[in-house]
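Structure file target.pdb; described as PDB, C-alpha atoms and all ligand atoms.
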```
MODEL        1
ATOM      1  CA  MET A   1     104.458 109.547  85.861  1.00  0.00           C
ATOM      2  CA  PRO A   2     103.619 108.518  82.259  1.00  0.00           C
ATOM      3  CA  ILE A   3     101.227 105.662  81.741  1.00  0.00           C
ATOM      4  CA  ASN A   4     102.055 102.642  79.630  1.00  0.00           C
ATOM      5  CA  HIS A   5      98.995 102.454  77.401  1.00  0.00           C
ATOM      6  CA  SER A   6     100.014  99.287  75.587  1.00  0.00           C
ATOM      7  CA  ILE A   7     100.309  97.414  78.892  1.00  0.00           C
ATOM      8  CA  ILE A   8      96.845  98.593  79.875  1.00  0.00           C
ATOM      9  CA  GLU A   9      95.495  97.302  76.584  1.00  0.00           C
ATOM     10  CA  LYS A  10      97.196  93.964  77.150  1.00  0.00           C
ATOM     11  CA  ILE A  11      95.803  93.672  80.696  1.00  0.00           C
ATOM     12  CA  GLU A  12      92.311  94.559  79.463  1.00  0.00           C
ATOM     13  CA  THR A  13      92.456  91.890  76.766  1.00  0.00           C
ATOM     14  CA  THR A  14      93.851  89.243  79.098  1.00  0.00           C
ATOM     15  CA  CYS A  15      91.233  89.999  81.748  1.00  0.00           C
ATOM     16  CA  THR A  16      88.398  89.843  79.210  1.00  0.00           C
ATOM     17  CA  MET A  17      89.667  86.464  78.056  1.00  0.00           C
ATOM     18  CA  HIS A  18      89.547  85.173  81.639  1.00  0.00           C
ATOM     19  CA  GLN A  19      86.378  87.051  82.664  1.00  0.00           C
ATOM     20  CA  ALA A  20      88.395  88.784  85.360  1.00  0.00           C
ATOM     21  CA  ARG A  21      88.698  92.398  86.498  1.00  0.00           C
ATOM     22  CA  TRP A  22      91.749  94.449  87.364  1.00  0.00           C
ATOM     23  CA  VAL A  23      92.414  97.063  89.984  1.00  0.00           C
ATOM     24  CA  ALA A  24      94.934  99.807  89.197  1.00  0.00           C
ATOM     25  CA  VAL A  25      97.212  99.941  92.240  1.00  0.00           C
ATOM     26  CA  THR A  26      97.967 103.629  92.698  1.00  0.00           C
ATOM     27  CA  LYS A  27      99.752 103.663  96.063  1.00  0.00           C
ATOM     28  CA  MET A  28     102.562 106.222  96.236  1.00  0.00           C
ATOM     29  CA  ARG A  29     101.531 107.699  92.864  1.00  0.00           C
ATOM     30  CA  SER A  30     100.757 111.379  92.507  1.00  0.00           C
ATOM     31  CA  LEU A  31      97.301 112.847  91.966  1.00  0.00           C
ATOM     32  CA  GLU A  32      98.404 113.785  88.437  1.00  0.00           C
ATOM     33  CA  THR A  33      99.178 110.147  87.717  1.00  0.00           C
ATOM     34  CA  LEU A  34      95.794 109.034  89.045  1.00  0.00           C
ATOM     35  CA  GLN A  35      94.106 111.713  86.946  1.00  0.00           C
ATOM     36  CA  ALA A  36      95.928 110.457  83.862  1.00  0.00           C
ATOM     37  CA  LEU A  37      94.736 106.907  84.618  1.00  0.00           C
ATOM     38  CA  TYR A  38      91.223 108.223  85.097  1.00  0.00           C
ATOM     39  CA  GLN A  39      91.444 109.838  81.659  1.00  0.00           C
ATOM     40  CA  THR A  40      92.063 106.391  80.145  1.00  0.00           C
ATOM     41  CA  GLY A  41      88.678 105.360  81.550  1.00  0.00           C
ATOM     42  CA  LYS A  42      89.978 103.452  84.565  1.00  0.00           C
ATOM     43  CA  ARG A  43      87.691 103.623  87.593  1.00  0.00           C
ATOM     44  CA  GLN A  44      88.966 100.890  89.961  1.00  0.00           C
ATOM     45  CA  PHE A  45      91.862 102.161  92.063  1.00  0.00           C
ATOM     46  CA  GLY A  46      93.672 100.306  94.849  1.00  0.00           C
ATOM     47  CA  GLU A  47      95.433 101.900  97.815  1.00  0.00           C
ATOM     48  CA  ASN A  48      97.170 100.367 100.820  1.00  0.00           C
ATOM     49  CA  LYS A  49      97.307 103.270 103.307  1.00  0.00           C
ATOM     50  CA  ALA A  50      94.202 104.745 104.923  1.00  0.00           C
ATOM     51  CA  GLN A  51      95.404 108.339 105.046  1.00  0.00           C
ATOM     52  CA  GLU A  52      96.622 108.303 101.455  1.00  0.00           C
ATOM     53  CA  LEU A  53      93.324 106.837 100.271  1.00  0.00           C
ATOM     54  CA  CYS A  54      91.350 109.522 102.133  1.00  0.00           C
ATOM     55  CA  ASP A  55      93.467 112.330 100.651  1.00  0.00           C
ATOM     56  CA  LYS A  56      93.080 110.988  97.121  1.00  0.00           C
ATOM     57  CA  TYR A  57      89.384 110.293  97.595  1.00  0.00           C
ATOM     58  CA  VAL A  58      88.746 113.941  98.453  1.00  0.00           C
ATOM     59  CA  ALA A  59      90.736 115.234  95.476  1.00  0.00           C
ATOM     60  CA  LEU A  60      89.422 112.961  92.721  1.00  0.00           C
ATOM     61  CA  PRO A  61      86.093 112.331  90.939  1.00  0.00           C
ATOM     62  CA  LYS A  62      83.450 110.514  92.928  1.00  0.00           C
ATOM     63  CA  ASP A  63      82.765 107.786  90.358  1.00  0.00           C
ATOM     64  CA  ILE A  64      86.044 106.079  91.225  1.00  0.00           C
ATOM     65  CA  GLU A  65      85.622 102.697  92.929  1.00  0.00           C
ATOM     66  CA  TRP A  66      88.211 102.479  95.705  1.00  0.00           C
ATOM     67  CA  HIS A  67      89.716  99.137  96.760  1.00  0.00           C
ATOM     68  CA  PHE A  68      91.652  98.898 100.010  1.00  0.00           C
ATOM     69  CA  ILE A  69      94.412  96.328  99.485  1.00  0.00           C
ATOM     70  CA  GLY A  70      96.872  96.642 102.371  1.00  0.00           C
ATOM     71  CA  HIS A  71      97.060  95.620 106.007  1.00  0.00           C
ATOM     72  CA  LEU A  72      94.344  97.594 107.757  1.00  0.00           C
ATOM     73  CA  GLN A  73      94.558  98.554 111.416  1.00  0.00           C
ATOM     74  CA  THR A  74      91.219  98.452 113.213  1.00  0.00           C
ATOM     75  CA  ASN A  75      91.562 102.091 114.302  1.00  0.00           C
ATOM     76  CA  LYS A  76      91.721 103.169 110.637  1.00  0.00           C
ATOM     77  CA  VAL A  77      88.532 101.425 109.499  1.00  0.00           C
ATOM     78  CA  LYS A  78      86.310 104.357 110.435  1.00  0.00           C
ATOM     79  CA  SER A  79      88.241 106.758 108.212  1.00  0.00           C
ATOM     80  CA  ILE A  80      87.873 104.693 105.034  1.00  0.00           C
ATOM     81  CA  ILE A  81      84.589 102.858 105.472  1.00  0.00           C
ATOM     82  CA  ASP A  82      82.433 105.439 103.685  1.00  0.00           C
ATOM     83  CA  LYS A  83      84.937 105.702 100.814  1.00  0.00           C
ATOM     84  CA  VAL A  84      85.784 102.152  99.764  1.00  0.00           C
ATOM     85  CA  SER A  85      83.745  99.571  97.866  1.00  0.00           C
ATOM     86  CA  PHE A  86      86.040  96.618  98.570  1.00  0.00           C
ATOM     87  CA  ILE A  87      88.503  95.657 101.290  1.00  0.00           C
ATOM     88  CA  HIS A  88      90.770  92.929  99.899  1.00  0.00           C
ATOM     89  CA  SER A  89      92.859  92.411 102.979  1.00  0.00           C
ATOM     90  CA  VAL A  90      90.732  91.223 105.887  1.00  0.00           C
ATOM     91  CA  ASP A  91      93.243  89.248 107.908  1.00  0.00           C
ATOM     92  CA  SER A  92      91.558  88.785 111.304  1.00  0.00           C
ATOM     93  CA  ARG A  93      88.190  88.211 112.915  1.00  0.00           C
ATOM     94  CA  LYS A  94      88.745  91.358 114.966  1.00  0.00           C
ATOM     95  CA  LEU A  95      89.116  93.426 111.791  1.00  0.00           C
ATOM     96  CA  LEU A  96      85.943  91.888 110.370  1.00  0.00           C
ATOM     97  CA  ASP A  97      84.048  92.769 113.578  1.00  0.00           C
ATOM     98  CA  THR A  98      85.281  96.352 113.335  1.00  0.00           C
ATOM     99  CA  ILE A  99      84.310  96.643 109.667  1.00  0.00           C
ATOM    100  CA  GLN A 100      80.819  95.392 110.502  1.00  0.00           C
ATOM    101  CA  ARG A 101      80.445  97.917 113.323  1.00  0.00           C
ATOM    102  CA  GLU A 102      81.683 100.894 111.278  1.00  0.00           C
ATOM    103  CA  ALA A 103      79.730  99.911 108.154  1.00  0.00           C
ATOM    104  CA  LYS A 104      76.565  99.704 110.193  1.00  0.00           C
ATOM    105  CA  ALA A 105      77.270 103.112 111.730  1.00  0.00           C
ATOM    106  CA  VAL A 106      77.197 104.708 108.267  1.00  0.00           C
ATOM    107  CA  SER A 107      74.451 102.385 106.896  1.00  0.00           C
ATOM    108  CA  LYS A 108      76.673 100.932 104.245  1.00  0.00           C
ATOM    109  CA  ASN A 109      77.175  97.483 102.787  1.00  0.00           C
ATOM    110  CA  ILE A 110      80.722  96.529 101.941  1.00  0.00           C
ATOM    111  CA  SER A 111      82.328  93.722  99.974  1.00  0.00           C
ATOM    112  CA  ILE A 112      85.385  92.085 101.465  1.00  0.00           C
ATOM    113  CA  PHE A 113      87.920  89.368 100.718  1.00  0.00           C
ATOM    114  CA  ILE A 114      89.443  87.140 103.366  1.00  0.00           C
ATOM    115  CA  GLN A 115      93.225  87.288 103.006  1.00  0.00           C
ATOM    116  CA  ILE A 116      95.023  83.950 103.023  1.00  0.00           C
ATOM    117  CA  HIS A 117      98.707  83.583 103.875  1.00  0.00           C
ATOM    118  CA  ILE A 118     100.250  81.343 101.215  1.00  0.00           C
ATOM    119  CA  ALA A 119     103.700  82.872 100.758  1.00  0.00           C
ATOM    120  CA  GLU A 120     106.849  81.572 102.386  1.00  0.00           C
ATOM    121  CA  GLU A 121     107.665  85.021 103.808  1.00  0.00           C
ATOM    122  CA  GLU A 122     106.536  85.463 107.415  1.00  0.00           C
ATOM    123  CA  THR A 123     106.092  89.186 106.852  1.00  0.00           C
ATOM    124  CA  LYS A 124     102.937  88.804 104.807  1.00  0.00           C
ATOM    125  CA  TYR A 125      99.556  88.978 106.514  1.00  0.00           C
ATOM    126  CA  GLY A 126      96.558  86.677 106.343  1.00  0.00           C
ATOM    127  CA  PHE A 127      94.893  83.589 107.756  1.00  0.00           C
ATOM    128  CA  SER A 128      96.737  80.298 107.526  1.00  0.00           C
ATOM    129  CA  LEU A 129      94.862  77.419 105.868  1.00  0.00           C
ATOM    130  CA  GLU A 130      93.895  76.002 109.280  1.00  0.00           C
ATOM    131  CA  GLU A 131      92.843  79.393 110.627  1.00  0.00           C
ATOM    132  CA  VAL A 132      90.596  80.111 107.682  1.00  0.00           C
ATOM    133  CA  ILE A 133      88.749  76.812 108.049  1.00  0.00           C
ATOM    134  CA  ASP A 134      88.315  77.544 111.747  1.00  0.00           C
ATOM    135  CA  PHE A 135      87.094  81.051 110.875  1.00  0.00           C
ATOM    136  CA  PHE A 136      84.434  79.825 108.454  1.00  0.00           C
ATOM    137  CA  SER A 137      83.330  77.027 110.791  1.00  0.00           C
ATOM    138  CA  LYS A 138      82.404  79.722 113.348  1.00  0.00           C
ATOM    139  CA  PHE A 139      81.175  82.291 110.838  1.00  0.00           C
ATOM    140  CA  LYS A 140      77.503  83.270 111.058  1.00  0.00           C
ATOM    141  CA  LYS A 141      76.230  85.444 108.242  1.00  0.00           C
ATOM    142  CA  GLU A 142      73.617  87.060 110.458  1.00  0.00           C
ATOM    143  CA  ASP A 143      76.357  88.530 112.666  1.00  0.00           C
ATOM    144  CA  PHE A 144      77.608  90.528 109.656  1.00  0.00           C
ATOM    145  CA  PRO A 145      74.555  92.059 107.958  1.00  0.00           C
ATOM    146  CA  ASN A 146      76.605  94.875 106.404  1.00  0.00           C
ATOM    147  CA  ILE A 147      79.352  92.638 105.026  1.00  0.00           C
ATOM    148  CA  HIS A 148      79.418  90.565 101.886  1.00  0.00           C
ATOM    149  CA  ILE A 149      82.329  88.134 101.831  1.00  0.00           C
ATOM    150  CA  VAL A 150      82.938  87.831  98.088  1.00  0.00           C
ATOM    151  CA  GLY A 151      86.013  85.607  98.154  1.00  0.00           C
ATOM    152  CA  LEU A 152      89.646  85.034  99.061  1.00  0.00           C
ATOM    153  CA  MET A 153      92.715  87.210  98.516  1.00  0.00           C
ATOM    154  CA  ALA A 154      96.341  86.133  98.493  1.00  0.00           C
ATOM    155  CA  MET A 155      99.863  87.141  97.533  1.00  0.00           C
ATOM    156  CA  ALA A 156     102.378  84.629  96.212  1.00  0.00           C
ATOM    157  CA  SER A 157     105.951  84.325  97.466  1.00  0.00           C
ATOM    158  CA  LEU A 158     108.543  86.735  96.147  1.00  0.00           C
ATOM    159  CA  THR A 159     110.340  84.252  93.925  1.00  0.00           C
ATOM    160  CA  ASP A 160     111.275  83.656  90.288  1.00  0.00           C
ATOM    161  CA  ASN A 161     110.137  80.067  90.656  1.00  0.00           C
ATOM    162  CA  GLN A 162     107.031  80.041  88.458  1.00  0.00           C
ATOM    163  CA  ALA A 163     106.083  76.501  89.485  1.00  0.00           C
ATOM    164  CA  GLN A 164     106.021  77.543  93.141  1.00  0.00           C
ATOM    165  CA  ILE A 165     103.891  80.604  92.382  1.00  0.00           C
ATOM    166  CA  LYS A 166     101.501  78.458  90.393  1.00  0.00           C
ATOM    167  CA  ASN A 167     101.214  75.934  93.226  1.00  0.00           C
ATOM    168  CA  GLU A 168     100.497  78.706  95.711  1.00  0.00           C
ATOM    169  CA  PHE A 169      97.779  80.195  93.498  1.00  0.00           C
ATOM    170  CA  LEU A 170      96.240  76.780  92.837  1.00  0.00           C
ATOM    171  CA  SER A 171      96.076  76.178  96.585  1.00  0.00           C
ATOM    172  CA  VAL A 172      93.898  79.301  96.930  1.00  0.00           C
ATOM    173  CA  LYS A 173      91.526  78.125  94.201  1.00  0.00           C
ATOM    174  CA  LYS A 174      91.298  74.726  95.874  1.00  0.00           C
ATOM    175  CA  LEU A 175      90.703  76.314  99.268  1.00  0.00           C
ATOM    176  CA  LYS A 176      87.868  78.441  97.890  1.00  0.00           C
ATOM    177  CA  ASP A 177      86.182  75.341  96.440  1.00  0.00           C
ATOM    178  CA  THR A 178      86.666  73.464  99.732  1.00  0.00           C
ATOM    179  CA  ILE A 179      85.159  76.308 101.773  1.00  0.00           C
ATOM    180  CA  ASN A 180      82.148  76.556  99.469  1.00  0.00           C
ATOM    181  CA  THR A 181      81.490  72.826  99.692  1.00  0.00           C
ATOM    182  CA  GLN A 182      82.203  72.419 103.392  1.00  0.00           C
ATOM    183  CA  PHE A 183      80.265  75.467 104.597  1.00  0.00           C
ATOM    184  CA  GLN A 184      77.615  75.755 101.863  1.00  0.00           C
ATOM    185  CA  LEU A 185      78.872  79.162 100.813  1.00  0.00           C
ATOM    186  CA  GLU A 186      79.086  80.805  97.420  1.00  0.00           C
ATOM    187  CA  LEU A 187      82.389  82.635  97.448  1.00  0.00           C
ATOM    188  CA  LYS A 188      82.871  83.631  93.820  1.00  0.00           C
ATOM    189  CA  GLU A 189      85.951  85.820  93.677  1.00  0.00           C
ATOM    190  CA  ILE A 190      89.679  85.331  94.027  1.00  0.00           C
ATOM    191  CA  SER A 191      91.900  88.407  94.273  1.00  0.00           C
ATOM    192  CA  MET A 192      95.426  87.342  93.367  1.00  0.00           C
ATOM    193  CA  GLY A 193      98.121  88.304  90.869  1.00  0.00           C
ATOM    194  CA  MET A 194     100.220  91.463  90.601  1.00  0.00           C
ATOM    195  CA  SER A 195     102.515  92.948  87.932  1.00  0.00           C
ATOM    196  CA  GLY A 196     104.951  90.034  87.966  1.00  0.00           C
ATOM    197  CA  ASP A 197     102.577  87.099  88.230  1.00  0.00           C
ATOM    198  CA  TYR A 198      99.127  88.123  87.013  1.00  0.00           C
ATOM    199  CA  GLU A 199      99.161  85.827  83.987  1.00  0.00           C
ATOM    200  CA  ILE A 200      99.816  82.780  86.194  1.00  0.00           C
ATOM    201  CA  ALA A 201      97.135  83.999  88.603  1.00  0.00           C
ATOM    202  CA  LEU A 202      94.523  84.260  85.854  1.00  0.00           C
ATOM    203  CA  GLU A 203      95.357  80.740  84.662  1.00  0.00           C
ATOM    204  CA  CYS A 204      94.804  79.560  88.244  1.00  0.00           C
ATOM    205  CA  GLY A 205      91.368  81.141  88.603  1.00  0.00           C
ATOM    206  CA  ALA A 206      91.923  84.737  89.723  1.00  0.00           C
ATOM    207  CA  THR A 207      88.871  86.957  89.151  1.00  0.00           C
ATOM    208  CA  TYR A 208      90.513  90.171  90.372  1.00  0.00           C
ATOM    209  CA  ILE A 209      94.133  91.069  89.722  1.00  0.00           C
ATOM    210  CA  ARG A 210      95.860  94.025  91.377  1.00  0.00           C
ATOM    211  CA  ILE A 211      98.312  95.748  89.061  1.00  0.00           C
ATOM    212  CA  GLY A 212     100.682  98.583  89.990  1.00  0.00           C
ATOM    213  CA  SER A 213     104.229  99.019  88.761  1.00  0.00           C
ATOM    214  CA  ILE A 214     103.887  97.845  85.148  1.00  0.00           C
ATOM    215  CA  LEU A 215     101.240 100.503  84.453  1.00  0.00           C
ATOM    216  CA  PHE A 216     103.847 103.227  84.648  1.00  0.00           C
ATOM    217  CA  GLU A 217     106.894 104.014  82.533  1.00  0.00           C
TER     218      GLU A 217
HETATM  219  C1  LIG B   1     101.561  97.086  95.701  1.00  0.00           C
HETATM  220  C2  LIG B   1     100.568  96.000  95.729  1.00  0.00           C
HETATM  221  C3  LIG B   1     100.115  95.404  94.540  1.00  0.00           C
HETATM  222  C4  LIG B   1     100.652  95.780  93.169  1.00  0.00           C
HETATM  223  O1  LIG B   1     101.963  95.330  93.026  1.00  0.00           O
HETATM  224  P1  LIG B   1     102.764  95.536  91.660  1.00  0.00           P
HETATM  225  O2  LIG B   1     103.824  94.518  91.727  1.00  0.00           O
HETATM  226  O3  LIG B   1     103.270  96.942  91.700  1.00  0.00           O
HETATM  227  O4  LIG B   1     101.826  95.301  90.538  1.00  0.00           O
HETATM  228  C5  LIG B   1      99.140  94.434  94.637  1.00  0.00           C
HETATM  229  N1  LIG B   1      98.634  94.037  95.821  1.00  0.00           N
HETATM  230  C6  LIG B   1      99.045  94.592  96.986  1.00  0.00           C
HETATM  231  C7  LIG B   1      98.448  94.092  98.250  1.00  0.00           C
HETATM  232  C8  LIG B   1     100.027  95.576  96.975  1.00  0.00           C
HETATM  233  O5  LIG B   1     100.443  96.102  98.131  1.00  0.00           O
ENDMDL
END
```

Structure re-expressed in structure tokens:
Amino acid sequence: MPINHSIIEKIETTCTMHQARWVAVTKMRSLETLQALYQTGKRQFGENKAQELCDKYVALPKDIEWHFIGHLQTNKVKSIIDKVSFIHSVDSRKLLDTIQREAKAVSKNISIFIQIHIAEEETKYGFSLEEVIDFFSKFKKEDFPNIHIVGLMAMASLTDNQAQIKNEFLSVKKLKDTINTQFQLELKEISMGMSGDYEIALECGATYIRIGSILFE
């Protein structure tokens, strides 16, 4: 599938302006498409299925930084742990425990985001605002020596209502600040914003955006 180079340029410029980074979401795209993206210099790729990520990992250059961005079942952690640099979608304590165990087994340190449920749709995953406070109140860093929690991840509601999207994104920024103050943490990153809402996300403090569909023509 052809790549939209002018969109990539625009995303690069916008990210630089906001000191943010972007992940090219390559789920369901062919190896040829990923190779074409690689040729543009892109090295941060995001996938949401363990098997698909493993297949692409094997076939593509090893200097790609893989980001896992979808709901991750605990029984799939082992298959991806040695391949990914970031897991954006940690949505339960049980998943975090499994990631710690599997990361330790391969002597690897991994960066993760805690996924927050902010959208109105029930189908989306993540901790509710109350759950995440409860999670951090019980969190002990020494129990997770192989994990670096870098920040929060969220997806806005599927809506055209820009004000609602903005409010949802702002609530994530506020939550991150609250967590840092309340639990003396230094979460720095916020992974939010996709093709349709990345500009709003960056205005609201996103440091990683995850862009798929608009990259392709
Ligand atoms: C597919 C996906 C994206 C990218 O969405 P686009 O609208 O195609 O940019 C971002 N984040 C997650 C978690 C996704 O599953």

Neighbouring residues of ligand LIG 1 (chain B) are defined here as those with any atom at most 8 Å from a ligand atom, counting only C-alpha atoms and all ligand atoms; list them as a CSV table (one decimal) with C-alpha atoms, in the frame of the given file.
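New file out-v9.csv:
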```csv
chain,number,residue,atom,x,y,z
A,25,VAL,CA,97.2,99.9,92.2
A,27,LYS,CA,99.8,103.7,96.1
A,47,GLU,CA,95.4,101.9,97.8
A,48,ASN,CA,97.2,100.4,100.8
A,69,ILE,CA,94.4,96.3,99.5
A,70,GLY,CA,96.9,96.6,102.4
A,88,HIS,CA,90.8,92.9,99.9
A,89,SER,CA,92.9,92.4,103.0
A,155,MET,CA,99.9,87.1,97.5
A,192,MET,CA,95.4,87.3,93.4
A,193,GLY,CA,98.1,88.3,90.9
A,194,MET,CA,100.2,91.5,90.6
A,195,SER,CA,102.5,92.9,87.9
A,196,GLY,CA,105.0,90.0,88.0
A,209,ILE,CA,94.1,91.1,89.7
A,210,ARG,CA,95.9,94.0,91.4
A,211,ILE,CA,98.3,95.7,89.1
A,212,GLY,CA,100.7,98.6,90.0
A,213,SER,CA,104.2,99.0,88.8
A,214,ILE,CA,103.9,97.8,85.1
```

Next item on the list: Name the closest residue to Ile116 in chain A among the candidates A:Ser191, A:Gln73, A:Gln162, A:Thr98; distances are taken between atoms, counting only C-alpha atoms.
Entry: A:Ser191

Notebook entry, point to check: Out of A:His148, A:Ala154, A:Ile87, A:Ile133, which residue has the shortest atom-to-atom distance to Thr181 in chain A when counting all atoms listed in the file?
Noted result: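 Looking at the shortest contact to Thr181 in chain A, the residue is A:Ile133.
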
Go ahead and find all residues with at least one atom no further than 8 Å from (81.5, 99.3, 107.0) in the file's coordinates, using all atoms listed in the file; report them as a short mmCIF file (atom, residue, chain, number, x, y, z; two decimals) with C-alpha atoms, in the coordinates of the input.
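Below is the file that was written, selection00.cif:
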```cif
data_model
loop_
_atom_site.label_atom_id
_atom_site.label_comp_id
_atom_site.auth_asym_id
_atom_site.auth_seq_id
_atom_site.Cartn_x
_atom_site.Cartn_y
_atom_site.Cartn_z
CA VAL A 77 88.53 101.42 109.50
CA LYS A 78 86.31 104.36 110.44
CA ILE A 81 84.59 102.86 105.47
CA ASP A 82 82.43 105.44 103.68
CA THR A 98 85.28 96.35 113.34
CA ILE A 99 84.31 96.64 109.67
CA GLN A 100 80.82 95.39 110.50
CA ARG A 101 80.44 97.92 113.32
CA GLU A 102 81.68 100.89 111.28
CA ALA A 103 79.73 99.91 108.15
CA LYS A 104 76.56 99.70 110.19
CA ALA A 105 77.27 103.11 111.73
CA VAL A 106 77.20 104.71 108.27
CA SER A 107 74.45 102.38 106.90
CA LYS A 108 76.67 100.93 104.24
CA ASN A 109 77.18 97.48 102.79
CA ILE A 110 80.72 96.53 101.94
CA ASN A 146 76.60 94.88 106.40
CA ILE A 147 79.35 92.64 105.03
#
```

Enumerate, as a PDB file with C-alpha atoms, in the frame of the given file, the protein, DNA and RNA residues whose atoms approach (85.0, 105.6, 95.7) to within 9 Å, taking into account all atoms listed in the file and the coordinate frame of the file.
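Here's the written file point12.pdb:
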```
ATOM      1  CA  ARG A  43      87.691 103.623  87.593  1.00  0.00           C
ATOM      2  CA  GLN A  44      88.966 100.890  89.961  1.00  0.00           C
ATOM      3  CA  PHE A  45      91.862 102.161  92.063  1.00  0.00           C
ATOM      4  CA  TYR A  57      89.384 110.293  97.595  1.00  0.00           C
ATOM      5  CA  PRO A  61      86.093 112.331  90.939  1.00  0.00           C
ATOM      6  CA  LYS A  62      83.450 110.514  92.928  1.00  0.00           C
ATOM      7  CA  ASP A  63      82.765 107.786  90.358  1.00  0.00           C
ATOM      8  CA  ILE A  64      86.044 106.079  91.225  1.00  0.00           C
ATOM      9  CA  GLU A  65      85.622 102.697  92.929  1.00  0.00           C
ATOM     10  CA  TRP A  66      88.211 102.479  95.705  1.00  0.00           C
ATOM     11  CA  HIS A  67      89.716  99.137  96.760  1.00  0.00           C
ATOM     12  CA  ASP A  82      82.433 105.439 103.685  1.00  0.00           C
ATOM     13  CA  LYS A  83      84.937 105.702 100.814  1.00  0.00           C
ATOM     14  CA  VAL A  84      85.784 102.152  99.764  1.00  0.00           C
ATOM     15  CA  SER A  85      83.745  99.571  97.866  1.00  0.00           C
TER      16      SER A  85
END
```

Notebook entry, point to check: What lies within 7 Å of Ser157 in chain A using all atoms listed in the file, ignoring chain neighbours under 4 positions off, as a ChimeraX atom specification?
Noted result: /A:119-121,165

Please, could you write that set of residues out with C-alpha atoms as a PDB file, in the coordinates of the input?
```pdb
ATOM      1  CA  ALA A 119     103.700  82.872 100.758  1.00  0.00           C
ATOM      2  CA  GLU A 120     106.849  81.572 102.386  1.00  0.00           C
ATOM      3  CA  GLU A 121     107.665  85.021 103.808  1.00  0.00           C
ATOM      4  CA  ILE A 165     103.891  80.604  92.382  1.00  0.00           C
TER       5      ILE A 165
END
```

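For Tyr208 in chain A, the non-local neighbours within 10 Å, defined as residues at least 6 positions apart in the same chain or in other chains and counting all atoms listed in the file, are Cys15, Gln19, Ala20, Arg21, Trp22, Val23, His88, Met153, Glu189, Ile190, Ser191, Met192, Gly193, Met194, Tyr198, Ala201 and Leu202 of chain A.
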
Please produce an output containing C-alpha atoms for each residue in the selection, written as a PDB file, in the frame of the given file.
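This went into result03.pdb:
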```pdb
ATOM      1  CA  CYS A  15      91.233  89.999  81.748  1.00  0.00           C
ATOM      2  CA  GLN A  19      86.378  87.051  82.664  1.00  0.00           C
ATOM      3  CA  ALA A  20      88.395  88.784  85.360  1.00  0.00           C
ATOM      4  CA  ARG A  21      88.698  92.398  86.498  1.00  0.00           C
ATOM      5  CA  TRP A  22      91.749  94.449  87.364  1.00  0.00           C
ATOM      6  CA  VAL A  23      92.414  97.063  89.984  1.00  0.00           C
ATOM      7  CA  HIS A  88      90.770  92.929  99.899  1.00  0.00           C
ATOM      8  CA  MET A 153      92.715  87.210  98.516  1.00  0.00           C
ATOM      9  CA  GLU A 189      85.951  85.820  93.677  1.00  0.00           C
ATOM     10  CA  ILE A 190      89.679  85.331  94.027  1.00  0.00           C
ATOM     11  CA  SER A 191      91.900  88.407  94.273  1.00  0.00           C
ATOM     12  CA  MET A 192      95.426  87.342  93.367  1.00  0.00           C
ATOM     13  CA  GLY A 193      98.121  88.304  90.869  1.00  0.00           C
ATOM     14  CA  MET A 194     100.220  91.463  90.601  1.00  0.00           C
ATOM     15  CA  TYR A 198      99.127  88.123  87.013  1.00  0.00           C
ATOM     16  CA  ALA A 201      97.135  83.999  88.603  1.00  0.00           C
ATOM     17  CA  LEU A 202      94.523  84.260  85.854  1.00  0.00           C
TER      18      LEU A 202
END
```

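Of note, CA of Gly46 in chain A and CA of Phe68 in chain A are spaced 5.7 Å apart.
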
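CA of Lys138 in chain A is found 26.4 Å from CA of Gly205 in chain A.
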
Next item on the list: Using all atoms listed in the file, pick whichever of A:Ser6, A:Thr26, A:Gln115, A:Ser137 has the shortest atom-to-atom distance to His71 in chain A.
Entry: A:Gln115

Note to self: Please determine, counting only C-alpha atoms, which residue among A:His117, A:Met17, A:Ile149, A:Ile3 has the shortest atom-to-atom distance to Arg29 in chain A.
What the structure shows: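 Nearest to Arg29 in chain A: A:Ile3.
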
Next item on the list: Could you tell me how far CA of Leu187 in chain A lies from CA of Asp97 in chain A, in Å and to one decimal?
Entry: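 Distance reported for this atom pair: 19.1 Å.
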
Item checked: Selected residue of minimal separation from Glu12 in chain A among A:Leu31, A:Thr123, A:Ser128, A:Leu215, counting all atoms listed in the file ->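 Using all atoms listed in the file, the shortest distance to Glu12 in chain A belongs to A:Leu215.
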
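With all atoms listed in the file as the atoms that count, the residue of A:Met28, A:Cys204, A:Ile114, A:Leu185 with the shortest distance to Lys49 in chain A is A:Met28.
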
Could you work out an axis-aligned bounding box for all listed atoms of range 76-89 of chain A, with 8 Å added on each of the six sides, and give its centre and edge lengths in Å to one decimal, as AutoDock Vina command-line options?
```
--center_x 87.6 --center_y 99.6 --center_z 104.3 --size_x 26.4 --size_y 30.3 --size_z 28.8
```

Check: Got a sec: who's within 10 Å of Asn4 in chain A, counting all atoms listed in the file, leaving out chain neighbours fewer than 2 positions off, as a ChimeraX atom specification?
Finding: /A:1-2,6-9,37,214-217

Expected file: the selected residues, C-alpha atoms, as an mmCIF file, in the coordinates of the input:
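What follows is the written file part.cif:
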```
data_model
loop_
_atom_site.group_PDB
_atom_site.id
_atom_site.type_symbol
_atom_site.label_atom_id
_atom_site.label_comp_id
_atom_site.auth_asym_id
_atom_site.auth_seq_id
_atom_site.Cartn_x
_atom_site.Cartn_y
_atom_site.Cartn_z
ATOM 1 C CA MET A 1 104.458 109.547 85.861
ATOM 2 C CA PRO A 2 103.619 108.518 82.259
ATOM 3 C CA SER A 6 100.014 99.287 75.587
ATOM 4 C CA ILE A 7 100.309 97.414 78.892
ATOM 5 C CA ILE A 8 96.845 98.593 79.875
ATOM 6 C CA GLU A 9 95.495 97.302 76.584
ATOM 7 C CA LEU A 37 94.736 106.907 84.618
ATOM 8 C CA ILE A 214 103.887 97.845 85.148
ATOM 9 C CA LEU A 215 101.240 100.503 84.453
ATOM 10 C CA PHE A 216 103.847 103.227 84.648
ATOM 11 C CA GLU A 217 106.894 104.014 82.533
#
```
